[in-house]
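This is coords19.json (JSON, C-alpha atoms).
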```json
[["chain", "number", "residue", "atom", "x", "y", "z"],
["A", 1, "MET", "CA", 41.34, 23.72, -111.51],
["A", 2, "ILE", "CA", 40.51, 22.48, -114.88],
["A", 3, "LYS", "CA", 40.10, 18.79, -115.20],
["A", 4, "MET", "CA", 41.74, 17.33, -118.18],
["A", 5, "ALA", "CA", 39.72, 14.95, -120.21],
["A", 6, "GLU", "CA", 40.71, 11.48, -119.25],
["A", 7, "GLU", "CA", 41.48, 9.16, -122.03],
["A", 8, "LYS", "CA", 39.10, 6.28, -122.09],
["A", 9, "LYS", "CA", 40.92, 3.04, -121.87],
["A", 10, "PRO", "CA", 39.60, 0.33, -124.10],
["A", 11, "LYS", "CA", 37.76, -2.34, -122.20],
["A", 12, "PRO", "CA", 39.70, -5.56, -121.98],
["A", 13, "GLU", "CA", 38.25, -8.32, -124.03],
["A", 14, "PHE", "CA", 37.22, -11.28, -121.98],
["A", 15, "LYS", "CA", 37.84, -14.55, -123.61],
["A", 16, "LYS", "CA", 35.15, -17.09, -123.19],
["A", 17, "PRO", "CA", 36.45, -20.10, -121.32],
["A", 18, "MET", "CA", 36.79, -23.21, -123.36],
["A", 19, "PRO", "CA", 34.11, -25.73, -122.50],
["A", 20, "LYS", "CA", 35.51, -28.59, -120.48],
["A", 21, "GLN", "CA", 35.57, -31.89, -122.21],
["A", 22, "GLU", "CA", 33.86, -34.07, -119.65],
["A", 23, "GLN", "CA", 34.76, -37.66, -119.82],
["A", 24, "LYS", "CA", 31.76, -39.69, -120.86],
["A", 25, "PRO", "CA", 31.18, -43.15, -119.45],
["A", 26, "ALA", "CA", 31.46, -44.70, -122.90],
["A", 27, "ASP", "CA", 34.96, -43.23, -123.37],
["A", 28, "ASP", "CA", 36.52, -44.89, -120.34],
["A", 29, "PRO", "CA", 36.45, -48.68, -120.10],
["A", 30, "ASN", "CA", 37.12, -48.51, -116.32],
["A", 31, "TYR", "CA", 34.10, -46.26, -115.62],
["A", 32, "ARG", "CA", 31.59, -47.64, -113.10],
["A", 33, "HIS", "CA", 28.02, -46.33, -112.81],
["A", 34, "ILE", "CA", 27.78, -47.45, -109.18],
["A", 35, "VAL", "CA", 30.69, -47.37, -106.75],
["A", 36, "ARG", "CA", 30.45, -49.24, -103.45],
["A", 37, "VAL", "CA", 32.01, -47.34, -100.53],
["A", 38, "VAL", "CA", 31.37, -48.30, -96.88],
["A", 39, "ASN", "CA", 28.43, -50.56, -97.81],
["A", 40, "THR", "CA", 26.71, -47.70, -99.66],
["A", 41, "ASP", "CA", 26.12, -47.38, -103.40],
["A", 42, "LEU", "CA", 27.35, -44.07, -104.79],
["A", 43, "LYS", "CA", 26.35, -42.72, -108.20],
["A", 44, "GLY", "CA", 29.26, -42.70, -110.62],
["A", 45, "GLU", "CA", 28.27, -39.49, -112.41],
["A", 46, "LYS", "CA", 28.56, -37.36, -109.26],
["A", 47, "LYS", "CA", 31.74, -35.72, -108.03],
["A", 48, "VAL", "CA", 33.46, -37.62, -105.22],
["A", 49, "HIS", "CA", 32.93, -35.04, -102.48],
["A", 50, "MET", "CA", 29.23, -34.80, -103.34],
["A", 51, "ALA", "CA", 28.74, -38.54, -103.76],
["A", 52, "LEU", "CA", 30.13, -39.18, -100.26],
["A", 53, "HIS", "CA", 27.13, -37.28, -98.80],
["A", 54, "LYS", "CA", 25.01, -40.35, -99.58],
["A", 55, "ILE", "CA", 26.76, -42.19, -96.73],
["A", 56, "LYS", "CA", 24.90, -41.63, -93.47],
["A", 57, "GLY", "CA", 27.15, -39.72, -91.08],
["A", 58, "VAL", "CA", 29.26, -38.01, -93.77],
["A", 59, "SER", "CA", 28.72, -34.24, -94.01],
["A", 60, "PHE", "CA", 30.10, -31.60, -96.34],
["A", 61, "MET", "CA", 33.12, -30.78, -94.19],
["A", 62, "PHE", "CA", 33.81, -34.41, -93.40],
["A", 63, "SER", "CA", 33.70, -35.40, -97.09],
["A", 64, "ASN", "CA", 36.22, -32.66, -97.93],
["A", 65, "PHE", "CA", 38.46, -33.90, -95.09],
["A", 66, "VAL", "CA", 38.19, -37.47, -96.36],
["A", 67, "CYS", "CA", 39.10, -36.50, -99.93],
["A", 68, "TYR", "CA", 42.07, -34.44, -98.73],
["A", 69, "MET", "CA", 43.44, -37.15, -96.44],
["A", 70, "ALA", "CA", 42.90, -39.92, -98.98],
["A", 71, "LYS", "CA", 44.65, -37.79, -101.63],
["A", 72, "VAL", "CA", 41.71, -38.06, -104.01],
["A", 73, "ASP", "CA", 40.64, -35.16, -106.21],
["A", 74, "PRO", "CA", 37.24, -34.08, -104.79],
["A", 75, "LEU", "CA", 36.09, -32.88, -108.23],
["A", 76, "LYS", "CA", 36.80, -36.23, -109.87],
["A", 77, "LYS", "CA", 33.77, -38.27, -110.90],
["A", 78, "ALA", "CA", 33.07, -41.14, -108.54],
["A", 79, "GLY", "CA", 32.77, -43.57, -111.45],
["A", 80, "ASN", "CA", 36.41, -42.95, -112.39],
["A", 81, "LEU", "CA", 37.80, -43.96, -108.96],
["A", 82, "THR", "CA", 40.25, -46.81, -108.90],
["A", 83, "ASP", "CA", 39.99, -49.66, -106.39],
["A", 84, "GLU", "CA", 43.02, -48.27, -104.53],
["A", 85, "GLU", "CA", 41.38, -44.84, -104.16],
["A", 86, "VAL", "CA", 38.15, -46.42, -102.92],
["A", 87, "ALA", "CA", 40.12, -48.39, -100.33],
["A", 88, "ARG", "CA", 41.87, -45.21, -99.14],
["A", 89, "LEU", "CA", 38.52, -43.36, -98.90],
["A", 90, "GLU", "CA", 37.02, -46.20, -96.85],
["A", 91, "ASP", "CA", 40.01, -46.25, -94.51],
["A", 92, "VAL", "CA", 39.78, -42.51, -93.83],
["A", 93, "ILE", "CA", 36.00, -42.66, -93.33],
["A", 94, "ARG", "CA", 36.21, -45.59, -90.90],
["A", 95, "ASN", "CA", 39.27, -44.31, -88.95],
["A", 96, "PRO", "CA", 39.41, -40.51, -89.05],
["A", 97, "ALA", "CA", 41.23, -40.33, -85.70],
["A", 98, "THR", "CA", 44.31, -42.01, -87.19],
["A", 99, "TYR", "CA", 44.46, -39.16, -89.73],
["A", 100, "ASN", "CA", 44.38, -36.50, -86.96],
["A", 101, "ALA", "CA", 40.82, -35.34, -87.62],
["A", 102, "PRO", "CA", 39.91, -32.36, -85.42],
["A", 103, "THR", "CA", 37.43, -33.26, -82.68],
["A", 104, "TRP", "CA", 34.89, -30.69, -83.88],
["A", 105, "LEU", "CA", 34.62, -32.63, -87.15],
["A", 106, "LEU", "CA", 33.60, -35.89, -85.46],
["A", 107, "ASN", "CA", 29.92, -36.61, -84.86],
["A", 108, "ARG", "CA", 30.31, -38.44, -81.53],
["A", 109, "GLN", "CA", 32.42, -36.36, -79.15],
["A", 110, "ASN", "CA", 32.99, -37.53, -75.58],
["A", 111, "ASP", "CA", 30.93, -40.70, -75.91],
["A", 112, "TYR", "CA", 28.67, -41.44, -72.94],
["A", 113, "GLU", "CA", 29.95, -44.99, -72.41],
["A", 114, "THR", "CA", 33.63, -44.75, -73.36],
["A", 115, "GLY", "CA", 34.41, -41.03, -73.13],
["A", 116, "HIS", "CA", 36.29, -41.15, -76.45],
["A", 117, "ASP", "CA", 35.81, -38.97, -79.52],
["A", 118, "MET", "CA", 34.73, -41.01, -82.54],
["A", 119, "HIS", "CA", 32.93, -40.73, -85.84],
["A", 120, "LEU", "CA", 30.02, -43.11, -86.47],
["A", 121, "ILE", "CA", 28.58, -43.98, -89.86],
["A", 122, "THR", "CA", 25.65, -45.98, -91.31],
["A", 123, "THR", "CA", 24.09, -48.55, -88.97],
["A", 124, "ASP", "CA", 26.42, -47.75, -86.05],
["A", 125, "LEU", "CA", 25.09, -44.19, -86.06],
["A", 126, "ASN", "CA", 21.46, -45.37, -86.12],
["A", 127, "LEU", "CA", 22.10, -47.82, -83.27],
["A", 128, "MET", "CA", 23.81, -45.19, -81.10],
["A", 129, "ILE", "CA", 21.01, -42.65, -81.64],
["A", 130, "ASP", "CA", 18.44, -45.27, -80.61],
["A", 131, "ASN", "CA", 20.48, -46.13, -77.50],
["A", 132, "ASP", "CA", 20.73, -42.45, -76.55],
["A", 133, "LEU", "CA", 16.96, -41.99, -76.88],
["A", 134, "LYS", "CA", 16.26, -45.11, -74.83],
["A", 135, "ARG", "CA", 18.66, -43.95, -72.11],
["A", 136, "MET", "CA", 17.05, -40.49, -71.95],
["A", 137, "LYS", "CA", 13.58, -42.04, -71.72],
["A", 138, "LYS", "CA", 14.72, -44.49, -69.03],
["A", 139, "VAL", "CA", 16.18, -41.82, -66.75],
["A", 140, "LYS", "CA", 13.16, -39.61, -67.50],
["A", 141, "SER", "CA", 15.17, -36.56, -68.46],
["A", 142, "TYR", "CA", 13.35, -33.58, -69.94],
["A", 143, "LYS", "CA", 14.45, -34.50, -73.46],
["A", 144, "GLY", "CA", 13.45, -38.12, -72.89],
["A", 145, "LEU", "CA", 9.98, -37.13, -71.71],
["A", 146, "ARG", "CA", 9.50, -34.83, -74.72],
["A", 147, "HIS", "CA", 10.50, -37.68, -77.03],
["A", 148, "THR", "CA", 8.04, -39.99, -75.26],
["A", 149, "TRP", "CA", 5.17, -37.53, -75.57],
["A", 150, "GLY", "CA", 5.94, -36.78, -79.22],
["A", 151, "GLN", "CA", 6.52, -33.10, -78.45],
["A", 152, "PRO", "CA", 9.30, -30.90, -79.85],
["A", 153, "VAL", "CA", 12.49, -31.40, -77.87],
["A", 154, "ARG", "CA", 14.55, -28.28, -78.50],
["A", 155, "GLY", "CA", 12.29, -25.50, -77.27],
["A", 156, "GLN", "CA", 10.15, -24.86, -80.33],
["A", 157, "ARG", "CA", 6.70, -23.40, -79.90],
["A", 158, "THR", "CA", 3.76, -25.79, -79.83],
["A", 159, "LYS", "CA", 0.76, -23.48, -80.24],
["A", 160, "SER", "CA", 0.91, -23.29, -84.01],
["A", 161, "ASN", "CA", 3.40, -25.99, -85.04],
["A", 162, "PHE", "CA", 3.53, -29.69, -84.29],
["A", 163, "ARG", "CA", -0.26, -29.99, -84.33],
["A", 164, "LYS", "CA", -1.64, -33.36, -85.29],
["A", 165, "ASN", "CA", -4.15, -33.94, -88.10],
["A", 166, "LYS", "CA", -3.71, -30.52, -89.72],
["A", 167, "GLY", "CA", -5.61, -31.55, -92.84],
["A", 168, "LYS", "CA", -8.53, -33.20, -91.07],
["A", 169, "VAL", "CA", -9.42, -30.75, -88.31],
["A", 170, "SER", "CA", -9.03, -27.00, -88.29],
["A", 171, "LEU", "CA", -6.74, -25.53, -85.66],
["A", 172, "GLY", "CA", -8.15, -23.64, -82.71],
["A", 173, "VAL", "CA", -10.94, -24.18, -80.25],
["A", 174, "VAL", "CA", -14.10, -25.95, -81.42],
["A", 175, "LYS", "CA", -17.26, -25.36, -79.37],
["A", 176, "LYS", "CA", -19.34, -28.32, -78.38],
["A", 177, "ALA", "CA", -22.71, -28.63, -80.06],
["A", 178, "ALA", "CA", -25.54, -27.38, -77.84],
["A", 179, "ALA", "CA", -27.74, -30.12, -76.40],
["A", 180, "PRO", "CA", -31.35, -30.07, -77.73],
["A", 181, "LYS", "CA", -33.89, -28.58, -75.26],
["A", 182, "LYS", "CA", -36.53, -30.88, -73.81],
["A", 183, "ALA", "CA", -40.12, -29.78, -74.33]]
```

Let me see whether you can do it: turn the structure in this file into structure tokens.
Amino acid sequence: MIKMAEEKKPKPEFKKPMPKQEQKPADDPNYRHIVRVVNTDLKGEKKVHMALHKIKGVSFMFSNFVCYMAKVDPLKKAGNLTDEEVARLEDVIRNPATYNAPTWLLNRQNDYETGHDMHLITTDLNLMIDNDLKRMKKVKSYKGLRHTWGQPVRGQRTKSNFRKNKGKVSLGVVKKAAAPKKA
């Protein structure tokens, strides 16, 4: 068979996207450089879903969930949030169970004391982690003993990592100096 010469189609011209006109702080009189959400200062120039990461206990997935449930555009700058939007964000962050958050999204599932699924943030999270460590040390569980000894808890190797004073002393075995012979 003889192949017929295919006509070359002209390449489509790609139009360069128009640069987005970002709103500058000076343009908007309601712009705030620092936004206070859940007792944490968030930078106003960051996007909302990224700024929420500054709050201890808020991860990437959780911040997306919060923005979706609070009906706030996650790509909006945090400095352009209204007081009503900030209040909605705080409510979703503090009470995710009322917004039907899936249990895998919460950071405290099947709590030891209450048995409930909950999501802890800021100082509550720090306090609960400390209580868990103290309880493990008190009952002398394997993890508690490893925490007490300052050893890695989750099965990491200890021969090469987790050595103390790496800069001061070389790793490995050091022979003792030979005692001087008596004459």

Q) What is the distance, in Å and to one decimal place, between atom CA of A:Ile93 and atom CA of A:His119? A) 8.3 Å

Q.
Could you check the closest approach to A:Tyr99 for each of A:Ile121, A:Tyr112, A:Val86, A:Lys71 and tell me which residue wins, using only C-alpha atoms?
A. A:Lys71

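Comparing the minimum interatomic distances between A:Asp73 and each of A:Leu89, A:Ile34, A:His116, A:Ile129, counting only C-alpha atoms, we find that A:Leu89 sits nearest.
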
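With atom CA of A:Arg154 on one side and atom CA of A:Ser63 on the other, the separation reads 27.6 Å.
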
Q: Considering only C-alpha atoms, state which residue in the set A:Gly79, A:Lys9, A:Lys56, A:Cys67 is at the smallest distance from A:Leu42.
A: A:Gly79

Q. In Å, with one decimal, what is the gap from atom CA of A:Lys77 to atom CA of A:Pro96?
A.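 A separation of 22.7 Å between them.
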